[in-house]
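Peer 1: Just final.txt, nothing more (compact mmCIF, C-alpha atoms and all ligand atoms):
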# COMPACT_ATOMS: atom_id res chain seq x y z
CA MET K 1 32.42 -146.48 60.46
CA ASN K 2 31.28 -147.28 63.98
CA GLN K 3 31.58 -143.86 65.57
CA PRO K 4 33.02 -143.51 69.05
CA GLN K 5 31.02 -141.64 71.63
CA LEU K 6 31.86 -137.96 71.47
CA GLN K 7 31.84 -136.31 74.84
CA LEU K 8 30.71 -132.76 74.34
CA GLY K 9 29.94 -130.07 76.88
CA LEU K 10 31.33 -132.28 79.60
CA PHE K 11 32.59 -129.36 81.55
CA SER K 12 29.63 -127.06 81.11
CA ASP K 13 28.37 -127.32 84.69
CA GLU K 14 31.59 -128.37 86.28
CA LYS K 15 34.70 -126.27 86.65
CA PRO K 16 37.65 -128.16 85.17
CA GLN K 17 40.25 -129.19 87.69
CA SER K 18 43.37 -127.08 87.36
CA ALA K 19 46.95 -127.16 88.52
CA ASN K 20 49.63 -124.65 89.25
CA THR K 21 52.63 -125.55 87.12
CA GLU K 22 55.89 -123.86 86.19
CA GLY K 23 57.97 -124.00 83.03
CA ILE K 24 59.70 -122.36 80.11
CA LYS K 25 58.22 -121.20 76.81
CA TYR K 26 57.79 -124.51 74.99
CA ILE K 27 56.29 -125.16 71.59
CA GLY K 28 53.62 -127.82 71.99
CA SER K 29 53.30 -127.27 75.74
CA LYS K 30 49.96 -128.59 76.94
CA MET K 31 49.63 -126.01 79.70
CA LEU K 32 46.23 -124.87 78.39
CA MET K 33 45.04 -128.44 78.05
CA ILE K 34 45.79 -129.46 81.62
CA PRO K 35 42.22 -129.02 82.97
CA TYR K 36 40.87 -131.25 80.18
CA ILE K 37 43.63 -133.84 80.59
CA LEU K 38 43.02 -134.04 84.34
CA ASP K 39 39.30 -134.34 83.84
CA VAL K 40 39.58 -137.24 81.42
CA ALA K 41 42.21 -138.91 83.61
CA ARG K 42 39.95 -138.63 86.67
CA ARG K 43 37.21 -140.57 84.91
CA THR K 44 39.56 -143.52 84.31
CA ASN K 45 40.13 -143.96 88.08
CA ALA K 46 43.84 -144.32 87.33
CA ARG K 47 46.42 -144.20 90.10
CA THR K 48 49.59 -144.62 88.07
CA VAL K 49 50.37 -142.49 85.02
CA LEU K 50 53.13 -142.52 82.43
CA ASP K 51 53.77 -139.16 80.73
CA GLY K 52 55.84 -140.49 77.82
CA PHE K 53 56.71 -137.18 76.07
CA SER K 54 56.90 -134.91 79.08
CA GLY K 55 58.70 -131.91 77.44
CA SER K 56 58.25 -128.91 79.72
CA THR K 57 56.92 -131.39 82.38
CA ARG K 58 53.89 -129.20 83.05
CA VAL K 59 51.51 -132.14 82.52
CA SER K 60 53.66 -134.38 84.73
CA GLN K 61 53.60 -131.68 87.41
CA ALA K 62 49.80 -131.45 87.14
CA PHE K 63 49.41 -135.23 87.44
CA ALA K 64 51.73 -135.28 90.45
CA GLN K 65 49.81 -132.47 92.14
CA SER K 66 46.58 -134.35 91.54
CA GLY K 67 47.73 -137.38 93.52
CA TYR K 68 48.87 -139.78 90.80
CA ASP K 69 52.09 -141.77 90.89
CA VAL K 70 53.87 -140.38 87.85
CA ILE K 71 56.56 -141.72 85.55
CA SER K 72 57.81 -138.72 83.59
CA SER K 73 59.84 -139.49 80.49
CA ASP K 74 61.19 -137.68 77.44
CA ILE K 75 64.16 -138.01 75.12
CA SER K 76 65.57 -134.59 76.04
CA ALA K 77 68.10 -133.74 78.74
CA TRP K 78 66.22 -130.57 79.78
CA SER K 79 63.01 -132.49 80.41
CA GLU K 80 64.85 -134.94 82.67
CA VAL K 81 66.33 -132.02 84.61
CA PHE K 82 62.92 -130.31 85.02
CA ALA K 83 61.20 -133.56 86.03
CA THR K 84 63.92 -134.28 88.59
CA CYS K 85 63.50 -130.76 89.98
CA TYR K 86 59.71 -130.88 90.25
CA LEU K 87 58.88 -134.54 90.92
CA ARG K 88 61.68 -135.99 93.01
CA PRO K 89 61.54 -136.12 96.84
CA LYS K 90 61.29 -133.35 99.40
CA ARG K 91 63.81 -130.58 99.71
CA ASP K 92 65.40 -130.71 103.13
CA TRP K 93 68.38 -128.57 102.14
CA GLN K 94 69.10 -124.87 102.01
CA LEU K 95 67.79 -123.95 98.59
CA ALA K 96 67.48 -120.22 99.28
CA GLU K 97 71.19 -120.09 100.21
CA LEU K 98 72.20 -121.96 97.07
CA ILE K 99 70.20 -119.61 94.83
CA GLU K 100 71.63 -116.57 96.62
CA GLU K 101 75.16 -117.89 96.21
CA LEU K 102 74.59 -118.48 92.49
CA ASN K 103 73.10 -115.01 92.01
CA SER K 104 76.13 -113.41 93.63
CA THR K 105 78.69 -115.18 91.39
CA SER K 106 80.86 -112.66 89.50
CA PRO K 107 80.15 -112.63 85.75
CA ILE K 108 82.84 -114.05 83.46
CA ASP K 109 83.49 -114.25 79.71
CA GLY K 110 83.18 -117.92 78.86
CA TRP K 111 81.91 -120.37 76.25
CA PHE K 112 78.26 -119.26 76.33
CA THR K 113 79.21 -115.59 75.92
CA GLU K 114 81.54 -116.40 73.03
CA HIS K 115 78.69 -118.09 71.10
CA TYR K 116 75.40 -116.67 72.35
CA GLY K 117 76.09 -113.22 73.84
CA GLY K 118 75.49 -110.03 71.83
CA ASP K 119 76.24 -106.35 72.34
CA VAL K 120 73.69 -103.57 72.60
CA LYS K 121 74.14 -100.88 69.95
CA GLU K 122 72.34 -97.55 69.81
CA SER K 123 70.27 -98.72 66.82
CA GLY K 124 68.81 -101.61 68.90
CA ILE K 125 69.79 -103.95 66.03
CA VAL K 126 71.51 -107.17 67.07
CA GLU K 127 74.72 -107.73 65.16
CA ASN K 128 75.10 -111.40 64.18
CA LYS K 129 71.75 -112.15 65.85
CA LYS K 130 72.14 -113.61 69.34
CA PRO K 131 69.62 -114.95 71.86
CA TRP K 132 70.90 -113.00 74.90
CA GLN K 133 72.67 -109.79 75.73
CA ARG K 134 76.27 -110.19 76.81
CA HIS K 135 75.70 -109.05 80.42
CA ASN K 136 73.39 -112.06 80.84
CA THR K 137 75.55 -114.68 79.08
CA ARG K 138 78.45 -113.56 81.32
CA LYS K 139 76.28 -114.40 84.30
CA LEU K 140 75.27 -117.68 82.66
CA ASP K 141 78.94 -118.57 82.17
CA ALA K 142 79.76 -117.90 85.81
CA ILE K 143 76.70 -119.60 87.28
CA ARG K 144 76.93 -122.74 85.13
CA GLU K 145 80.59 -123.21 86.06
CA ALA K 146 79.75 -122.64 89.74
CA ILE K 147 77.04 -125.32 89.64
CA ASP K 148 79.60 -127.87 88.41
CA GLU K 149 82.12 -126.85 91.03
CA MET K 150 79.70 -127.26 93.94
CA SER K 151 79.27 -130.75 95.29
CA LEU K 152 75.57 -131.06 94.68
CA SER K 153 73.38 -134.16 94.63
CA GLU K 154 71.60 -135.02 91.37
CA ILE K 155 68.38 -133.44 92.66
CA GLU K 156 70.10 -130.28 93.92
CA LYS K 157 71.92 -129.90 90.62
CA SER K 158 68.65 -130.32 88.69
CA VAL K 159 66.98 -127.69 90.86
CA ALA K 160 69.87 -125.26 90.29
CA ILE K 161 69.89 -125.84 86.51
CA THR K 162 66.09 -125.53 86.31
CA SER K 163 66.33 -122.24 88.17
CA LEU K 164 69.01 -121.06 85.73
CA ILE K 165 66.96 -122.07 82.66
CA LEU K 166 63.80 -120.41 84.01
CA ALA K 167 65.80 -117.22 84.57
CA LEU K 168 67.36 -117.35 81.06
CA ASP K 169 63.90 -117.89 79.55
CA LYS K 170 62.79 -114.60 81.11
CA VAL K 171 65.54 -112.48 79.51
CA ASP K 172 65.84 -114.07 76.06
CA SER K 173 65.51 -112.32 72.72
CA THR K 174 63.76 -115.08 70.79
CA LEU K 175 60.33 -116.12 69.58
CA GLY K 176 60.32 -119.00 72.04
CA HIS K 177 62.84 -121.29 70.37
CA PHE K 178 66.52 -121.24 69.36
CA ALA K 179 66.33 -122.10 65.66
CA SER K 180 66.75 -118.41 64.75
CA TYR K 181 67.02 -115.17 66.70
CA LEU K 182 65.41 -111.74 66.57
CA LYS K 183 66.82 -108.81 64.61
CA GLU K 184 66.15 -106.35 67.41
CA TRP K 185 66.65 -106.92 71.11
CA SER K 186 63.44 -107.81 72.92
CA PRO K 187 62.54 -105.49 75.83
CA ARG K 188 63.04 -108.34 78.34
CA SER K 189 66.60 -109.00 77.15
CA TYR K 190 67.71 -105.74 78.83
CA LYS K 191 66.72 -107.11 82.23
CA SER K 192 69.27 -108.73 84.44
CA LEU K 193 69.35 -112.52 84.83
CA GLN K 194 68.04 -113.37 88.28
CA LEU K 195 67.64 -116.90 89.64
CA LYS K 196 64.66 -117.74 91.84
CA GLU K 197 63.70 -120.86 93.72
CA PRO K 198 61.71 -123.15 91.40
CA MET K 199 58.22 -123.90 92.60
CA PHE K 200 58.07 -126.69 95.15
CA ILE K 201 55.34 -129.19 94.35
CA GLU K 202 53.75 -130.88 97.34
CA THR K 203 52.69 -134.37 96.27
CA THR K 204 51.45 -137.55 97.93
CA GLY K 205 52.45 -140.00 95.17
CA SER K 206 55.80 -141.55 94.34
CA HIS K 207 57.37 -140.51 91.08
CA GLU K 208 60.02 -141.69 88.66
CA VAL K 209 61.98 -139.83 86.01
CA ARG K 210 63.27 -141.48 82.85
CA ARG K 211 65.12 -140.17 79.85
CA GLY K 212 65.18 -141.92 76.51
CA ASP K 213 63.50 -142.84 73.29
CA ILE K 214 59.95 -143.82 74.18
CA PHE K 215 60.27 -147.29 72.66
CA GLN K 216 63.26 -148.09 74.84
CA VAL K 217 61.51 -146.64 77.88
CA LEU K 218 58.42 -148.76 77.19
CA ASP K 219 60.54 -151.94 77.29
CA ASP K 220 61.47 -151.15 80.80
CA VAL K 221 58.70 -149.27 82.67
CA PRO K 222 56.16 -151.12 84.79
CA GLU K 223 52.56 -151.41 83.64
CA VAL K 224 50.52 -148.27 84.38
CA ASP K 225 46.82 -147.47 84.61
CA LEU K 226 47.04 -144.55 82.19
CA ALA K 227 49.64 -143.66 79.55
CA TYR K 228 49.50 -140.05 78.37
CA PHE K 229 51.20 -139.56 75.01
CA ASP K 230 51.88 -136.16 73.52
CA PRO K 231 54.31 -136.97 70.70
CA PRO K 232 55.69 -134.35 68.32
CA TYR K 233 53.23 -133.97 65.47
CA GLY K 234 55.49 -133.31 62.54
CA SER K 235 53.82 -130.97 60.14
CA ASN K 236 51.23 -131.46 57.43
CA ASN K 237 52.83 -128.63 55.51
CA GLU K 238 54.89 -130.31 52.77
CA LYS K 239 56.98 -127.19 52.27
CA MET K 240 58.09 -126.93 55.87
CA PRO K 241 61.61 -128.27 56.34
CA PRO K 242 61.63 -131.07 58.93
CA SER K 243 64.22 -129.26 61.04
CA ARG K 244 61.54 -126.68 61.83
CA VAL K 245 59.64 -129.09 64.01
CA ARG K 246 62.40 -130.87 65.84
CA TYR K 247 62.66 -130.33 69.54
CA ALA K 248 66.37 -131.13 69.71
CA ALA K 249 67.00 -128.37 67.14
CA TYR K 250 64.61 -125.86 68.69
CA TYR K 251 65.95 -126.19 72.21
CA HIS K 252 69.60 -127.12 71.60
CA ILE K 253 70.79 -124.43 74.03
CA TRP K 254 68.85 -125.97 76.91
CA THR K 255 70.64 -129.27 76.23
CA THR K 256 73.97 -127.47 76.44
CA VAL K 257 73.01 -125.63 79.64
CA CYS K 258 72.07 -128.99 81.18
CA LEU K 259 75.17 -130.86 80.04
CA ASN K 260 77.67 -127.96 80.04
CA ASP K 261 79.66 -129.96 77.51
CA LYS K 262 80.78 -127.12 75.18
CA PRO K 263 79.77 -129.02 72.02
CA ARG K 264 80.84 -128.34 68.45
CA LEU K 265 78.35 -125.97 66.78
CA PHE K 266 77.17 -125.26 63.25
CA GLY K 267 75.08 -122.73 61.32
CA LYS K 268 73.84 -119.23 62.09
CA ALA K 269 71.83 -120.26 65.14
CA LYS K 270 74.92 -122.11 66.43
CA ARG K 271 73.18 -125.41 67.00
CA ARG K 272 74.90 -128.40 68.53
CA VAL K 273 76.21 -130.72 65.79
CA ASP K 274 74.29 -133.57 67.40
CA THR K 275 71.06 -131.74 66.50
CA ARG K 276 71.75 -131.87 62.77
CA ASP K 277 68.62 -133.04 60.99
CA LYS K 278 70.06 -136.43 60.04
CA VAL K 279 71.24 -137.14 63.58
CA ALA K 280 68.38 -135.88 65.72
CA ALA K 281 65.38 -137.02 63.69
CA SER K 282 62.44 -138.32 65.68
CA VAL K 283 60.26 -140.87 63.92
CA PHE K 284 57.19 -139.00 65.21
CA GLU K 285 58.28 -135.93 63.27
CA ASP K 286 59.00 -137.86 60.08
CA PHE K 287 57.05 -136.42 57.17
CA ARG K 288 57.71 -139.29 54.74
CA ARG K 289 55.68 -142.35 53.87
CA SER K 290 57.05 -145.85 54.45
CA PHE K 291 57.03 -148.67 51.85
CA SER K 292 53.54 -149.62 53.02
CA GLY K 293 52.28 -146.20 51.91
CA ARG K 294 51.43 -145.05 55.44
CA PHE K 295 53.09 -142.04 57.01
CA ARG K 296 55.98 -143.08 59.23
CA ALA K 297 54.65 -140.81 61.97
CA VAL K 298 51.36 -142.74 61.93
CA GLU K 299 53.19 -146.07 62.05
CA ALA K 300 55.12 -144.81 65.06
CA ILE K 301 51.89 -143.97 66.89
CA ASP K 302 50.51 -147.37 65.92
CA ARG K 303 53.55 -149.07 67.45
CA LEU K 304 53.36 -146.82 70.51
CA VAL K 305 49.77 -147.65 71.42
CA ARG K 306 50.25 -151.33 70.67
CA THR K 307 53.41 -151.64 72.75
CA VAL K 308 52.49 -149.70 75.88
CA ARG K 309 51.34 -151.75 78.85
CA ALA K 310 48.51 -149.59 80.16
CA LYS K 311 44.82 -149.97 80.84
CA TYR K 312 44.06 -146.63 79.20
CA VAL K 313 45.91 -144.54 76.64
CA LEU K 314 45.27 -140.81 76.37
CA LEU K 315 46.68 -139.39 73.14
CA SER K 316 47.12 -135.67 72.47
CA TYR K 317 47.19 -134.58 68.87
CA SER K 318 46.91 -131.37 66.90
CA SER K 319 45.02 -130.54 63.73
CA GLY K 320 48.29 -129.23 62.27
CA GLY K 321 49.93 -132.63 62.68
CA ARG K 322 50.99 -135.16 60.10
CA ALA K 323 48.34 -137.82 60.87
CA THR K 324 44.70 -137.28 59.97
CA SER K 325 41.89 -137.96 62.42
CA SER K 326 40.69 -141.03 60.53
CA GLU K 327 44.20 -142.49 60.46
CA LEU K 328 44.46 -142.05 64.22
CA VAL K 329 41.03 -143.50 64.87
CA GLU K 330 41.90 -146.52 62.72
CA VAL K 331 45.11 -147.08 64.68
CA LEU K 332 43.42 -146.61 68.04
CA LYS K 333 40.45 -148.85 67.31
CA ARG K 334 42.78 -151.74 66.63
CA VAL K 335 44.14 -151.69 70.19
CA GLY K 336 40.96 -151.04 72.14
CA GLU K 337 37.75 -149.12 72.54
CA ILE K 338 37.77 -145.38 71.95
CA LYS K 339 35.96 -143.94 74.94
CA GLU K 340 36.18 -140.23 74.27
CA ILE K 341 37.37 -137.74 71.69
CA ILE K 342 37.64 -134.17 72.81
CA GLU K 343 38.33 -131.23 70.54
CA ILE K 344 39.59 -127.96 71.90
CA GLU K 345 40.19 -124.78 69.97
CA HIS K 346 43.73 -124.04 70.93
CA LYS K 347 43.85 -120.25 70.98
CA ARG K 348 40.53 -119.73 72.72
CA ASN K 349 40.73 -122.92 74.78
CA VAL K 350 37.12 -123.65 73.96
CA MET K 351 35.76 -127.12 73.61
CA SER K 352 33.56 -127.70 70.60
CA GLY K 353 31.85 -130.43 68.63
CA MET K 354 33.83 -132.57 66.27
CA ARG K 355 32.32 -133.38 62.92
CA TRP K 356 33.34 -136.74 61.69
CA THR K 357 35.29 -136.50 58.46
CA ASN K 358 38.45 -138.01 57.12
CA LYS K 359 40.40 -134.86 57.75
CA TRP K 360 40.90 -132.49 60.59
CA ILE K 361 38.34 -129.78 60.40
CA ARG K 362 39.77 -126.38 59.70
CA PRO K 363 36.78 -124.08 59.38
CA LYS K 364 38.90 -120.98 59.07
CA GLU K 365 42.44 -120.62 57.89
CA GLY K 366 44.88 -120.36 60.75
CA LYS K 367 42.69 -121.99 63.39
CA ASN K 368 44.29 -124.77 65.27
CA PHE K 369 42.58 -127.51 67.26
CA GLU K 370 43.90 -129.82 69.92
CA TYR K 371 42.47 -133.29 70.34
CA LEU K 372 42.43 -135.80 73.16
CA PHE K 373 41.67 -139.43 72.39
CA LEU K 374 40.97 -141.77 75.29
CA VAL K 375 41.27 -145.48 74.54
CA GLU K 376 40.64 -148.42 76.84
CA LYS K 377 43.00 -151.13 75.68
CA HIS K 378 41.71 -154.68 75.00
C1 LIG W 1 54.63 -132.01 71.97
S1 LIG W 1 56.09 -132.12 72.94
C2 LIG W 1 55.50 -132.58 74.53
C3 LIG W 1 55.00 -131.40 75.29
C4 LIG W 1 54.61 -131.70 76.73
N1 LIG W 1 53.42 -132.51 76.84
C5 LIG W 1 54.39 -130.39 77.48
O1 LIG W 1 53.27 -130.10 77.90
O2 LIG W 1 55.38 -129.66 77.60
C6 LIG W 1 56.84 -133.58 72.35
C7 LIG W 1 58.05 -134.08 73.13
O3 LIG W 1 58.48 -135.33 72.60
C8 LIG W 1 59.88 -135.46 72.83
N2 LIG W 1 60.33 -136.54 71.91
C9 LIG W 1 60.55 -136.47 70.57
N3 LIG W 1 60.86 -137.69 70.08
C10 LIG W 1 60.85 -138.55 71.13
C11 LIG W 1 61.08 -139.95 71.28
N4 LIG W 1 61.41 -140.71 70.23
N5 LIG W 1 60.97 -140.50 72.51
C12 LIG W 1 60.65 -139.73 73.59
N6 LIG W 1 60.42 -138.40 73.51
C13 LIG W 1 60.50 -137.81 72.31
C14 LIG W 1 60.43 -134.07 72.58
O4 LIG W 1 61.63 -133.87 73.29
C15 LIG W 1 59.27 -133.18 73.11
O5 LIG W 1 59.53 -132.74 74.41
Is it possible to give me this structure as structure tokens?

Peer 2:
Amino acid sequence: MNQPQLQLGLFSDEKPQSANTEGIKYIGSKMLMIPYILDVARRTNARTVLDGFSGSTRVSQAFAQSGYDVISSDISAWSEVFATCYLRPKRDWQLAELIEELNSTSPIDGWFTEHYGGDVKESGIVENKKPWQRHNTRKLDAIREAIDEMSLSEIEKSVAITSLILALDKVDSTLGHFASYLKEWSPRSYKSLQLKEPMFIETTGSHEVRRGDIFQVLDDVPEVDLAYFDPPYGSNNEKMPPSRVRYAAYYHIWTTVCLNDKPRLFGKAKRRVDTRDKVAASVFEDFRRSFSGRFRAVEAIDRLVRTVRAKYVLLSYSSGGRATSSELVEVLKRVGEIKEIIEIEHKRNVMSGMRWTNKWIRPKEGKNFEYLFLVEKH
């Protein structure tokens, strides 16, 4: 195989560029990767960037702070709300007053409390496991209703909902997702929900926010200099049920806080019915092979990099993901020239050499690596 140039030790004498971003606990968040992403992006001389799986929007925020024109896109409602809060134009309205008004709303027993609020018992054990203590879901009920009753613009509403989600994320009793809840109340769940002004990002570029399946979004977005793709990875663990790696299922409550649509629920975690595995499947998380014998997740990445109209594609991937490194390289080489492959040890955030094998390298059990592939398209 004609090996692409591996860029190692690139940052040894140069401090990686960083960014100050804000967000919730998010599985797969690339917060720790931001300095490396920005560094690679800088070398492409790009001005316009598409972040096609923006999730927590931390990478979109970092691009925006670094002077790029950003299109931030994801399939989830919460990501659209965060991106609208952080990337859309200047705030010339009284945000502090709005946040104060929301914080002073009188708590009520409503839909969120009925389904997600739990009582504190002397034992500390949570009866019928819930993600928040009742005193906080009562505030959530009152504040979410108040947001709908105020006549807010789309941006103001997104800022208010982002503020509410950030505050809820600080008093939850979970492991960072809503697929199951803790047996005992976390120490932070005793604290009182308190909204704060979301960080205001000063940027020079102009930004767009999209929401939708990436393939539909790609039909419609203008050509960009750099497309950053951080798709869900699925899992290479055959025994792991697919619902364990689905964002819609993990973060169903954030969808409901954004939409306030009181959906029908199912199961112990009280997920929205529209996050049932058969309804909310993402092709990138698909663990099956297609008729051609290739993994569907790999075929989806193939289609993604072929379809996107961009000079460069920067792909994030994890060693725990469904596709192997050689499968990805094969797919990427068909659309252009691989300029760089960077390997970062996730937990330690250390960049290291990548040996070239057909599989991801897992020197020690439990170690996880993040990869960045930069491709210049033909
Ligand atoms: C690994 S996460 C991205 C994390 C993000 N880069 C960050 O730093 O927070 C993958 C994202 O892909 C989104 N997603 C899943 N399937 C999608 C699809 N078909 N089209 C667009 N987005 C999708 C999920 O909502 C999730 O936010």

Peer 1: When you count all atoms listed in the file, which of these residues is closest to Phe82 in chain K: K:Val329, K:Leu218, K:Val283, K:Val59?

Peer 2: K:Val59

Peer 1: Near Gln133 in chain K, within 9 Å and counting all atoms listed in the file, which residues show up once chain neighbours fewer than 5 positions away are dropped, as a ChimeraX atom specification?

Peer 2: /K:113,116-120,138,171-173,185,189-190

Peer 1: How would you write, as a PyMOL selection string, the set of residues no farther than 9 Å from ligand LIG 1 (chain W) when counting all atoms listed in the file?

Peer 2: chain K and resi 23-34+51-60+73-79+211-217+228-233+246-248+251+280-285+316-317

Peer 1: Which is closest to Pro263 in chain K among K:Tyr68, K:Phe112, K:Tyr371, K:Phe287, if we use all atoms listed in the file?

Peer 2: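 Ranking K:Tyr68, K:Phe112, K:Tyr371, K:Phe287 by distance to Pro263 in chain K, first place goes to K:Phe112.
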
Peer 1: Can you tell me how far CA of Lys183 in chain K sits from CA of Lys130 in chain K, in Å to one decimal?

Peer 2: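 Between CA of Lys183 in chain K and CA of Lys130 in chain K the gap works out to 8.6 Å.
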
Peer 1: Could you give me, as a PyMOL selection string, the residues that have an atom at most 6 Å away from the point (65.9, -121.8, 70.7) in the coordinates of the file, using all atoms listed in the file?

Peer 2: chain K and resi 177-179+250-251

Peer 1: How many Å separate CA of Leu140 in chain K from CA of Ala167 in chain K?

Peer 2: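 Computing it gives 9.7 Å between the two atoms.
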
Peer 1: Which residue is closest to Ile165 in chain K? Choose from K:Thr255, K:Ser123, K:Ser325, K:Ser153 and count only C-alpha atoms.

Peer 2: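 Among the listed residues, the smallest separation from Ile165 in chain K belongs to K:Thr255.
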
Peer 1: When you count all atoms listed in the file, which of these residues is closest to Ser104 in chain K: K:Leu168, K:Val70, K:Ala142, K:Ile155?

Peer 2: K:Ala142

Peer 1: Quick one: distance from CA of Thr204 in chain K to CA of Ile71 in chain K in Å, one decimal?

Peer 2: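 CA of Ile71 in chain K lies 14.0 Å from CA of Thr204 in chain K.
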
Peer 1: When you count all atoms listed in the file, which of these residues is closest to Leu95 in chain K: K:Val298, K:Ile338, K:Ile143, K:Val159?

Peer 2: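 Ranked by minimum distance to Leu95 in chain K, first place goes to K:Val159.
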
Peer 1: Name the residues in contact with Trp93 in chain K at a cut-off of 9 Å, using only C-alpha atoms, excluding same-chain residues fewer than 3 positions from it; report them as a list in words.

Peer 2: Lys90, Ala96 and Glu156 of chain K

Peer 1: Using all atoms listed in the file for the distances, tell me which of K:Leu304, K:Leu226, K:Leu374, K:Leu98 is nearest to Asn45 in chain K.

Peer 2: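 With all atoms listed in the file as the atom set, the closest residue is K:Leu226.
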
Peer 1: Please report, as lines of an AutoDock Vina configuration file, the centre and edge lengths in Å to one decimal of an axis-aligned box covering all listed atoms of range 215-223 of chain K with 3 Å per side.

Peer 2:
center_x = 57.9
center_y = -149.3
center_z = 78.7
size_x = 16.7
size_y = 11.3
size_z = 18.1

Peer 1: Give me the residues within 9 Å of Glu184 in chain K as a PyMOL selection string, counting all atoms listed in the file and dropping any in the same chain fewer than 6 places off.

Peer 2: chain K and resi 123-127+129+173
